[in-house]
file work_14.cif (mmCIF, C-alpha atoms and all ligand atoms)
data_protein
#
loop_
_atom_site.label_atom_id
_atom_site.label_comp_id
_atom_site.auth_asym_id
_atom_site.auth_seq_id
_atom_site.Cartn_x
_atom_site.Cartn_y
_atom_site.Cartn_z
CA MET A 1 -24.40 -8.53 -6.36
CA LYS A 2 -22.28 -10.42 -3.83
CA ALA A 3 -19.67 -9.05 -1.43
CA ILE A 4 -17.63 -10.26 1.52
CA LEU A 5 -19.39 -9.49 4.80
CA VAL A 6 -17.81 -9.62 8.27
CA ASP A 7 -19.80 -11.63 10.81
CA GLU A 8 -19.38 -9.35 13.82
CA GLN A 9 -21.05 -11.87 16.15
CA SER A 10 -18.51 -14.66 15.57
CA PRO A 11 -15.36 -14.57 17.73
CA GLU A 12 -13.01 -14.82 14.71
CA ARG A 13 -15.14 -12.29 12.79
CA ALA A 14 -15.76 -14.82 10.02
CA LEU A 15 -15.97 -13.68 6.38
CA ARG A 16 -19.00 -14.59 4.28
CA TRP A 17 -19.63 -14.17 0.49
CA ALA A 18 -23.23 -12.95 0.58
CA GLU A 19 -25.89 -11.08 -1.37
CA VAL A 20 -25.85 -7.26 -0.89
CA PRO A 21 -27.54 -4.34 -2.73
CA ASP A 22 -26.15 -3.45 -6.18
CA PRO A 23 -24.08 -0.24 -6.36
CA VAL A 24 -25.59 2.72 -8.23
CA PRO A 25 -23.20 5.21 -9.85
CA GLY A 26 -23.82 8.82 -8.82
CA PRO A 27 -22.93 11.87 -10.94
CA GLY A 28 -19.31 11.64 -12.10
CA GLU A 29 -19.04 7.99 -11.07
CA VAL A 30 -18.35 4.91 -13.17
CA LEU A 31 -19.86 1.51 -12.42
CA VAL A 32 -17.27 -1.27 -12.63
CA ASP A 33 -17.75 -5.07 -12.69
CA ILE A 34 -14.91 -6.17 -10.43
CA HIS A 35 -12.70 -9.04 -11.64
CA ALA A 36 -9.99 -8.89 -8.95
CA THR A 37 -9.14 -7.09 -5.73
CA ALA A 38 -6.18 -7.38 -3.35
CA VAL A 39 -5.56 -7.60 0.38
CA ASN A 40 -4.05 -4.85 2.52
CA ARG A 41 -3.20 -4.76 6.22
CA ALA A 42 -5.93 -2.15 6.64
CA ASP A 43 -8.50 -4.84 5.68
CA LEU A 44 -7.42 -6.88 8.71
CA LEU A 45 -7.88 -3.83 10.95
CA GLN A 46 -11.30 -3.05 9.44
CA ARG A 47 -12.40 -6.67 9.88
CA ALA A 48 -11.36 -6.48 13.55
CA GLY A 49 -13.52 -3.37 13.96
CA ASN A 50 -10.58 -0.98 14.35
CA TYR A 51 -10.56 0.92 11.03
CA PRO A 52 -14.04 1.98 9.92
CA PRO A 53 -14.46 3.15 6.31
CA PRO A 54 -14.51 6.94 5.84
CA PRO A 55 -17.95 8.60 5.45
CA GLY A 56 -19.54 7.84 2.07
CA ALA A 57 -17.34 4.81 1.33
CA PRO A 58 -18.91 1.36 0.78
CA PRO A 59 -18.99 -0.61 4.05
CA TYR A 60 -17.25 -3.69 2.57
CA LEU A 61 -13.52 -4.49 2.77
CA GLY A 62 -11.14 -3.74 -0.10
CA LEU A 63 -9.04 -0.69 -1.01
CA GLU A 64 -8.40 -1.48 -4.68
CA MET A 65 -9.84 -3.35 -7.62
CA ALA A 66 -9.52 -4.12 -11.32
CA GLY A 67 -12.43 -4.82 -13.64
CA VAL A 68 -14.55 -3.75 -16.60
CA VAL A 69 -16.63 -0.59 -16.98
CA ALA A 70 -20.30 -1.61 -16.83
CA GLY A 71 -22.15 1.71 -16.66
CA LEU A 72 -21.78 5.48 -16.43
CA GLY A 73 -23.24 7.96 -13.94
CA ALA A 74 -24.51 11.36 -15.08
CA GLY A 75 -21.88 13.62 -16.62
CA VAL A 76 -19.13 11.01 -17.08
CA LYS A 77 -17.19 11.87 -20.23
CA GLY A 78 -13.92 9.96 -20.35
CA TRP A 79 -15.01 6.29 -20.11
CA GLN A 80 -16.90 3.71 -22.16
CA PRO A 81 -18.58 0.43 -21.12
CA GLY A 82 -16.25 -2.50 -21.78
CA GLU A 83 -12.99 -0.67 -20.94
CA ARG A 84 -10.61 -2.51 -18.60
CA VAL A 85 -9.69 -0.37 -15.58
CA CYS A 86 -8.29 -0.39 -12.06
CA ALA A 87 -8.60 2.07 -9.17
CA LEU A 88 -7.76 2.99 -5.61
CA LEU A 89 -10.87 2.70 -3.39
CA ALA A 90 -11.89 4.00 0.02
CA GLY A 91 -13.59 0.60 0.51
CA GLY A 92 -15.72 -2.00 -1.26
CA GLY A 93 -13.20 -3.94 -3.37
CA TYR A 94 -14.21 -7.38 -2.03
CA ALA A 95 -17.40 -7.30 -4.11
CA GLU A 96 -18.76 -7.95 -7.59
CA GLY A 97 -19.28 -4.28 -8.40
CA ILE A 98 -18.47 -0.74 -7.34
CA ALA A 99 -19.13 2.87 -8.31
CA VAL A 100 -15.85 4.82 -8.59
CA PRO A 101 -15.22 8.56 -9.17
CA GLU A 102 -14.04 8.77 -12.80
CA GLN A 103 -10.89 10.72 -11.86
CA LEU A 104 -9.50 7.71 -9.97
CA LEU A 105 -9.78 5.17 -12.80
CA VAL A 106 -6.70 3.98 -14.68
CA ARG A 107 -6.93 2.24 -18.09
CA LEU A 108 -5.11 -1.12 -18.17
CA PRO A 109 -2.31 -1.79 -20.63
CA GLU A 110 -3.32 -4.58 -23.06
CA ASP A 111 -0.85 -7.10 -21.66
CA TRP A 112 -1.95 -6.65 -18.02
CA ASN A 113 -4.31 -9.18 -16.47
CA PHE A 114 -6.79 -8.22 -13.74
CA ALA A 115 -4.71 -9.79 -10.96
CA LYS A 116 -1.68 -7.64 -11.79
CA ALA A 117 -3.83 -4.52 -12.05
CA ALA A 118 -5.59 -5.17 -8.73
CA ALA A 119 -2.19 -5.47 -7.01
CA PHE A 120 -1.08 -2.03 -8.18
CA PRO A 121 -3.12 0.92 -6.77
CA GLU A 122 -2.94 0.89 -2.96
CA VAL A 123 0.74 0.07 -2.49
CA PHE A 124 2.14 2.07 -5.41
CA TYR A 125 0.11 5.19 -4.56
CA THR A 126 1.07 4.81 -0.88
CA ALA A 127 4.77 4.48 -1.73
CA PHE A 128 4.55 7.37 -4.22
CA VAL A 129 2.72 9.88 -2.02
CA ASN A 130 4.87 9.19 1.01
CA LEU A 131 8.31 9.03 -0.61
CA PHE A 132 7.92 11.80 -3.18
CA MET A 133 5.07 14.11 -2.08
CA GLU A 134 5.38 13.91 1.73
CA ALA A 135 9.09 13.22 2.25
CA GLN A 136 10.26 14.95 -0.95
CA LEU A 137 12.80 12.21 -1.66
CA GLN A 138 15.22 13.52 -4.28
CA PRO A 139 17.21 11.62 -6.94
CA GLY A 140 20.53 10.50 -5.45
CA GLU A 141 19.24 10.61 -1.86
CA SER A 142 19.01 7.51 0.33
CA VAL A 143 15.98 5.89 1.95
CA LEU A 144 15.40 3.22 4.60
CA ILE A 145 12.22 1.23 3.93
CA HIS A 146 10.91 -0.85 6.81
CA GLY A 147 9.02 -4.03 5.89
CA GLY A 148 10.88 -4.06 2.56
CA ALA A 149 9.14 -7.26 1.42
CA SER A 150 5.63 -5.99 2.25
CA GLY A 151 3.26 -4.84 -0.47
CA VAL A 152 4.16 -1.22 0.19
CA GLY A 153 7.85 -2.05 0.65
CA THR A 154 8.20 -3.88 -2.68
CA ALA A 155 6.57 -0.91 -4.45
CA ALA A 156 8.67 1.66 -2.57
CA ILE A 157 11.97 -0.08 -3.41
CA GLN A 158 11.16 -0.02 -7.12
CA LEU A 159 10.01 3.63 -7.19
CA ALA A 160 13.03 4.85 -5.21
CA ARG A 161 15.43 2.92 -7.45
CA ALA A 162 13.73 4.27 -10.57
CA GLU A 163 14.52 7.78 -9.29
CA GLY A 164 18.19 6.88 -8.74
CA CYS A 165 17.95 6.72 -4.93
CA ARG A 166 19.97 4.42 -2.69
CA VAL A 167 17.74 1.94 -0.87
CA ALA A 168 18.15 0.09 2.43
CA VAL A 169 15.40 -2.13 3.82
CA THR A 170 14.59 -4.19 6.86
CA ALA A 171 12.97 -7.61 6.40
CA GLY A 172 12.35 -10.55 8.68
CA THR A 173 13.56 -13.62 6.72
CA PRO A 174 16.46 -14.49 4.38
CA VAL A 175 14.02 -15.13 1.49
CA LYS A 176 12.43 -11.71 1.99
CA ARG A 177 15.83 -10.00 2.12
CA THR A 178 16.97 -11.73 -1.08
CA ARG A 179 13.81 -10.56 -2.87
CA CYS A 180 14.39 -6.98 -1.70
CA LEU A 181 17.95 -7.07 -3.09
CA GLU A 182 16.61 -8.43 -6.41
CA LEU A 183 14.17 -5.51 -6.55
CA GLY A 184 17.04 -3.03 -6.24
CA ALA A 185 17.82 -2.51 -2.55
CA GLU A 186 21.56 -2.37 -1.87
CA LEU A 187 21.26 -3.21 1.81
CA ALA A 188 18.76 -5.66 3.35
CA ILE A 189 18.98 -5.70 7.14
CA ASP A 190 17.99 -8.57 9.40
CA TYR A 191 16.37 -6.38 12.03
CA ARG A 192 15.90 -9.27 14.45
CA GLU A 193 19.66 -9.87 14.74
CA ASN A 194 20.98 -6.33 14.21
CA ASP A 195 20.29 -2.76 15.30
CA PHE A 196 19.13 -1.36 11.94
CA ALA A 197 20.18 2.18 12.85
CA GLU A 198 23.75 1.06 13.56
CA VAL A 199 23.91 -0.84 10.25
CA VAL A 200 22.53 2.11 8.28
CA LEU A 201 24.97 4.55 9.89
CA GLU A 202 27.92 2.22 9.35
CA ARG A 203 27.12 1.22 5.75
CA LEU A 204 25.50 4.37 4.33
CA GLY A 205 26.43 7.10 6.79
CA GLY A 206 22.69 7.51 7.53
CA VAL A 207 19.70 8.04 5.23
CA ASP A 208 17.76 11.09 4.03
CA VAL A 209 14.32 9.48 4.40
CA VAL A 210 12.80 6.66 6.46
CA LEU A 211 9.48 5.07 5.43
CA ASP A 212 8.24 3.56 8.68
CA ILE A 213 5.46 1.09 9.56
CA SER A 214 6.46 0.42 13.16
CA GLY A 215 5.87 3.68 15.03
CA GLY A 216 6.74 3.63 18.73
CA ALA A 217 9.14 0.68 18.75
CA TYR A 218 11.38 2.16 16.02
CA LEU A 219 11.04 5.91 16.58
CA GLU A 220 14.28 6.54 18.43
CA ARG A 221 16.37 4.35 16.10
CA ASN A 222 14.72 5.91 13.03
CA LEU A 223 15.71 9.40 14.20
CA LYS A 224 19.22 8.11 14.88
CA ALA A 225 19.49 6.67 11.34
CA LEU A 226 18.52 9.96 9.68
CA LYS A 227 21.07 12.40 8.25
CA LEU A 228 20.95 16.17 8.74
CA LYS A 229 17.57 17.48 7.45
CA GLY A 230 16.24 13.93 7.22
CA ARG A 231 12.52 13.11 6.94
CA LEU A 232 10.67 10.30 8.74
CA VAL A 233 7.28 9.32 7.30
CA LEU A 234 5.10 7.25 9.57
CA ILE A 235 2.43 5.22 7.73
CA ALA A 236 1.52 2.56 10.31
CA LEU A 237 1.91 1.71 13.98
CA LEU A 238 2.63 -2.03 13.91
CA GLY A 239 5.15 -1.50 16.76
CA GLY A 240 2.77 0.56 18.91
CA PRO A 241 1.49 4.15 19.09
CA ALA A 242 3.63 5.53 21.94
CA ALA A 243 7.30 6.43 22.34
CA SER A 244 9.54 8.60 24.45
CA ILE A 245 12.27 10.28 22.42
CA ASP A 246 15.09 12.76 22.74
CA LEU A 247 13.65 15.82 20.99
CA GLY A 248 17.15 17.31 21.01
CA LEU A 249 17.90 14.95 18.13
CA LEU A 250 15.08 16.53 16.08
CA LEU A 251 16.45 20.02 16.75
CA ARG A 252 20.12 19.30 16.20
CA LYS A 253 19.61 17.37 12.96
CA ARG A 254 16.69 19.61 11.86
CA LEU A 255 14.55 16.52 11.22
CA ARG A 256 10.94 16.35 10.06
CA LEU A 257 8.46 13.81 11.42
CA ILE A 258 5.46 13.27 9.10
CA GLY A 259 2.31 11.21 9.75
CA SER A 260 0.36 10.10 6.69
CA LEU A 261 -2.83 8.20 5.78
CA LEU A 262 -4.06 7.65 2.22
CA ARG A 263 -7.59 6.31 2.70
CA SER A 264 -9.15 9.30 4.42
CA ARG A 265 -7.83 11.91 1.94
CA SER A 266 -10.27 13.96 -0.12
CA LEU A 267 -11.09 13.11 -3.75
CA GLU A 268 -9.05 16.17 -4.81
CA GLU A 269 -5.98 14.93 -2.95
CA LYS A 270 -6.36 11.39 -4.30
CA THR A 271 -6.80 12.74 -7.82
CA ALA A 272 -3.53 14.70 -7.47
CA ILE A 273 -1.77 11.50 -6.35
CA VAL A 274 -3.20 9.47 -9.26
CA GLN A 275 -2.20 12.18 -11.75
CA GLY A 276 1.25 12.67 -10.21
CA PHE A 277 1.92 8.94 -10.41
CA ALA A 278 0.61 8.76 -13.98
CA THR A 279 3.05 11.43 -15.13
CA ARG A 280 6.09 10.24 -13.27
CA PHE A 281 5.92 6.43 -13.02
CA TRP A 282 3.07 4.99 -15.15
CA PRO A 283 5.23 4.91 -18.32
CA LEU A 284 7.76 2.75 -16.43
CA MET A 285 4.98 0.39 -15.37
CA VAL A 286 3.60 0.14 -18.90
CA ALA A 287 7.14 -0.63 -20.11
CA GLY A 288 7.45 -3.38 -17.49
CA ARG A 289 10.37 -1.77 -15.69
CA ILE A 290 8.32 -1.55 -12.48
CA ALA A 291 5.68 -4.14 -11.56
CA PRO A 292 3.55 -5.22 -8.64
CA VAL A 293 5.07 -8.16 -6.73
CA ILE A 294 2.45 -10.87 -6.21
CA GLU A 295 2.73 -13.56 -3.55
CA THR A 296 -0.34 -15.51 -4.60
CA VAL A 297 -3.80 -15.30 -6.15
CA LEU A 298 -6.83 -16.82 -4.37
CA PRO A 299 -10.59 -16.78 -5.03
CA VAL A 300 -12.37 -14.04 -3.05
CA GLN A 301 -14.32 -16.74 -1.19
CA GLN A 302 -10.93 -17.65 0.42
CA ALA A 303 -10.41 -14.11 1.78
CA ALA A 304 -9.98 -15.43 5.32
CA GLU A 305 -7.02 -17.60 4.21
CA ALA A 306 -5.60 -14.56 2.40
CA HIS A 307 -5.87 -12.53 5.61
CA ARG A 308 -4.02 -15.27 7.51
CA LEU A 309 -1.07 -14.99 5.10
CA LEU A 310 -0.70 -11.29 5.94
CA ALA A 311 -1.39 -11.71 9.66
CA GLU A 312 1.39 -14.33 9.86
CA ASN A 313 3.80 -12.15 7.83
CA ARG A 314 4.12 -14.91 5.20
CA ASN A 315 3.61 -12.78 2.06
CA ILE A 316 6.21 -11.12 -0.14
CA GLY A 317 4.27 -8.42 -1.97
CA LYS A 318 0.57 -8.71 -2.63
CA VAL A 319 -2.11 -11.32 -2.06
CA VAL A 320 -4.70 -10.97 -4.83
CA LEU A 321 -8.34 -12.14 -4.71
CA THR A 322 -10.18 -13.05 -7.91
CA VAL A 323 -13.86 -12.16 -8.06
CA ARG A 324 -14.68 -13.24 -11.67
CA GLU A 325 -12.81 -15.30 -14.26
N1 LIG A 401 -0.68 5.20 5.88
C1 LIG A 401 -1.19 4.68 4.79
O1 LIG A 401 -1.87 5.35 4.01
C2 LIG A 401 -0.94 3.25 4.47
C3 LIG A 401 -1.31 2.74 3.21
C4 LIG A 401 -1.02 1.39 2.92
C5 LIG A 401 -0.42 0.60 3.88
N2 LIG A 401 -0.12 1.15 5.10
C6 LIG A 401 0.52 0.32 6.15
O2 LIG A 401 1.78 -0.06 5.69
C7 LIG A 401 2.12 -1.34 6.23
C8 LIG A 401 2.49 -2.26 5.10
O3 LIG A 401 1.31 -2.57 4.40
P1 LIG A 401 1.22 -3.84 3.46
O4 LIG A 401 -0.20 -4.07 3.11
O5 LIG A 401 2.21 -3.67 2.40
O6 LIG A 401 1.70 -4.94 4.52
P2 LIG A 401 2.09 -6.46 4.37
O7 LIG A 401 2.31 -6.84 2.96
O8 LIG A 401 1.09 -7.20 5.19
O9 LIG A 401 3.50 -6.54 5.12
C9 LIG A 401 3.71 -6.07 6.39
C10 LIG A 401 5.09 -6.57 6.88
O10 LIG A 401 5.46 -5.78 8.01
C11 LIG A 401 6.35 -6.53 8.83
N3 LIG A 401 5.90 -6.41 10.21
C12 LIG A 401 4.87 -7.06 10.80
N4 LIG A 401 4.77 -6.67 12.07
C13 LIG A 401 5.74 -5.77 12.30
C14 LIG A 401 6.16 -5.01 13.42
N5 LIG A 401 5.53 -5.09 14.60
N6 LIG A 401 7.24 -4.19 13.30
C15 LIG A 401 7.87 -4.07 12.11
N7 LIG A 401 7.53 -4.77 11.00
C16 LIG A 401 6.48 -5.60 11.10
C17 LIG A 401 6.33 -7.97 8.32
O11 LIG A 401 7.50 -8.19 7.54
P3 LIG A 401 8.83 -8.90 8.15
O12 LIG A 401 8.56 -10.37 8.10
O13 LIG A 401 9.88 -8.44 7.23
O14 LIG A 401 8.95 -8.38 9.54
C18 LIG A 401 5.09 -7.99 7.42
O15 LIG A 401 5.20 -8.96 6.40
C19 LIG A 401 0.89 -1.84 6.98
O16 LIG A 401 1.07 -1.64 8.35
C20 LIG A 401 -0.22 -0.98 6.44
O17 LIG A 401 -1.27 -0.80 7.36
C21 LIG A 401 -0.37 2.43 5.41
#
call {"tool": "encode", "arguments": {"input": "work_14.cif", "output": "structure tokens", "more": "lines below"}}
Ligand SMILES: NC(=O)c1ccc[n+]([C@@H]2O[C@H](COP(=O)([O-])OP(=O)(O)OC[C@H]3O[C@@H](n4cnc5c(N)ncnc54)[C@H](OP(=O)(O)O)[C@@H]3O)[C@@H](O)[C@H]2O)c1
result
Amino acid sequence: MKAILVDEQSPERALRWAEVPDPVPGPGEVLVDIHATAVNRADLLQRAGNYPPPPGAPPYLGLEMAGVVAGLGAGVKGWQPGERVCALLAGGGYAEGIAVPEQLLVRLPEDWNFAKAAAFPEVFYTAFVNLFMEAQLQPGESVLIHGGASGVGTAAIQLARAEGCRVAVTAGTPVKRTRCLELGAELAIDYRENDFAEVVLERLGGVDVVLDISGGAYLERNLKALKLKGRLVLIALLGGPAASIDLGLLLRKRLRLIGSLLRSRSLEEKTAIVQGFATRFWPLMVAGRIAPVIETVLPVQQAAEAHRLLAENRNIGKVVLTVRE
């Protein structure tokens, strides 16, 4: 099969669509012919050499895919060749095929195309696990979502709204803020012009949960924006890994600070996330009340251009890569 390889010798770490060994499904794994995958920030980090795949994962880029079941490993019971599926991956989505643990596969609704399905797993599972399993966001509570127009942000807005939560976001351009309001946010903050913590305190009296992608640069303001017993979930460090904060704020407001990664979790943990999402939100997705937001769809051979869109913060939602027609 073919997959995208990173040329580690070239200064820009060029991407190449090249021949690689075919995947072989192990016991309990399903072989899938990939039709589409999608880009995540983590792919840019992996390409730069800063986010190696966890042990046992395919070495290629790509944390999600949609395609057609092509073969079954020993002991697989629940799947048949020809079924249309999608799945969260620990790596290997930018390729023509992959072997996936059967517990992680999701059957596609008839009216879903592969592009839509490939845009779903990584950002919806990330939003779900962090808002509802880690931060325990409750119906009627409020949440501040940083990077509201990002892939994760657009998923998180929709899930929080579906649970009857109040949603504030930060986003860097007027077009992004308008899209966040359309998705259900009631407050979209221009964080370049305003102190987001001040705006959140003034307009909402604080929030119960913050979903953060900045880290060091936002930590103090995030703690300030939280209400009594608030929870801050940190899922990325785009604003740097270090910060100096007033720990008195944590004590007085009885706050919780949670760090969270999805990719490195065990199969058992990922299975619990997939099942939890299936019970709580999948019916809303099948009904079309929640949907992946897609910026654009490009052929996988244009993965480098797709990466540029994310690196330059130009996307609203997901950039999808097609592997087969
Ligand atoms: N922990 C996990 O398991 C996990 C899983 C999935 C994703 N993530 C992380 O979550 C973040 C969002 O992922 P994604 O794929 O949805 O990203 P994305 O679509 O590429 O969007 C990221 C957005 O973040 C904003 N941004 C960029 N640099 C920033 C900075 N220094 N400070 C604050 N905001 C900044 C930009 O929006 P504006 O133009 O609005 O500023 C950018 O468009 C990424 O950092 C990713 O690595 C973590």
call {"tool": "atom_distance", "arguments": {"input": "work_14.cif", "atom1": "atom CA of Leu262 of chain A", "atom2": "atom CA of Thr154 of chain A"}}
result
17.5 Å
call {"tool": "closest_atom_pairs", "arguments": {"input": "work_14.cif", "of": "chain A", "to": "ligand LIG 401 (chain A)", "cutoff": "7 Å", "atoms": "all atoms listed in the file", "output": "Markdown table"}}
result
| residue | atom | partner | partner_atom | distance |
| --- | --- | --- | --- | --- |
| A:Val39 | CA | A:LIG401 | O4 | 7.0 |
| A:Asn40 | CA | A:LIG401 | O4 | 4.0 |
| A:Arg41 | CA | A:LIG401 | O4 | 4.4 |
| A:Ala42 | CA | A:LIG401 | O17 | 4.9 |
| A:Glu122 | CA | A:LIG401 | C4 | 6.2 |
| A:Val123 | CA | A:LIG401 | C4 | 5.8 |
| A:Thr126 | CA | A:LIG401 | C3 | 5.2 |
| A:His146 | CA | A:LIG401 | N7 | 6.7 |
| A:Gly147 | CA | A:LIG401 | O10 | 4.5 |
| A:Gly148 | CA | A:LIG401 | O13 | 6.5 |
| A:Ala149 | CA | A:LIG401 | O13 | 6.0 |
| A:Ser150 | CA | A:LIG401 | O7 | 3.5 |
| A:Gly151 | CA | A:LIG401 | O5 | 3.3 |
| A:Val152 | CA | A:LIG401 | O5 | 3.8 |
| A:Gly153 | CA | A:LIG401 | O5 | 6.1 |
| A:Thr170 | CA | A:LIG401 | O13 | 6.4 |
| A:Ala171 | CA | A:LIG401 | O13 | 3.3 |
| A:Gly172 | CA | A:LIG401 | O13 | 3.6 |
| A:Thr173 | CA | A:LIG401 | O12 | 6.1 |
| A:Lys176 | CA | A:LIG401 | O13 | 6.7 |
| A:Ile213 | CA | A:LIG401 | C7 | 5.3 |
| A:Ser214 | CA | A:LIG401 | N6 | 4.7 |
| A:Ile235 | CA | A:LIG401 | N1 | 3.6 |
| A:Ala236 | CA | A:LIG401 | O16 | 4.7 |
| A:Leu237 | CA | A:LIG401 | O16 | 6.6 |
| A:Leu238 | CA | A:LIG401 | N5 | 4.3 |
| A:Gly239 | CA | A:LIG401 | N5 | 4.2 |
| A:Ser260 | CA | A:LIG401 | N1 | 5.1 |
| A:Leu261 | CA | A:LIG401 | O1 | 3.5 |
| A:Leu262 | CA | A:LIG401 | O1 | 3.6 |
| A:Arg263 | CA | A:LIG401 | O1 | 5.9 |
| A:Leu310 | CA | A:LIG401 | O8 | 4.5 |
| A:Ala311 | CA | A:LIG401 | O8 | 6.8 |
| A:Asn313 | CA | A:LIG401 | O15 | 3.8 |
| A:Arg314 | CA | A:LIG401 | O15 | 6.2 |
| A:Asn315 | CA | A:LIG401 | O15 | 6.0 |
| A:Ile316 | CA | A:LIG401 | O7 | 6.6 |
| A:Gly317 | CA | A:LIG401 | O7 | 5.5 |
| A:Lys318 | CA | A:LIG401 | O7 | 6.1 |
call {"tool": "atom_distance", "arguments": {"input": "work_14.cif", "atom1": "atom CA of Pro121 of chain A", "atom2": "atom CA of Leu309 of chain A"}}
result
20.0 Å
call {"tool": "closest_residue", "arguments": {"input": "work_14.cif", "among": "A:Asn113, A:Val320, A:Val76, A:Val293", "to": "Glu305 of chain A", "atoms": "all atoms listed in the file"}}
result
A:Val320
call {"tool": "atom_distance", "arguments": {"input": "work_14.cif", "atom1": "atom CA of Glu102 of chain A", "atom2": "atom CA of Ala3 of chain A"}}
result
21.9 Å
call {"tool": "closest_residue", "arguments": {"input": "work_14.cif", "among": "A:Gly26, A:Gly164, A:Pro59, A:Pro283", "to": "Ala90 of chain A", "atoms": "only C-alpha atoms"}}
result
A:Pro59
call {"tool": "closest_residue", "arguments": {"input": "work_14.cif", "among": "A:Asp22, A:Gly75, A:Glu29, A:Val129", "to": "Arg265 of chain A", "atoms": "only C-alpha atoms"}}
result
A:Val129
call {"tool": "closest_residue", "arguments": {"input": "work_14.cif", "among": "A:Met133, A:Gly206, A:Phe281, A:Gly230", "to": "Glu163 of chain A", "atoms": "only C-alpha atoms"}}
result
A:Phe281
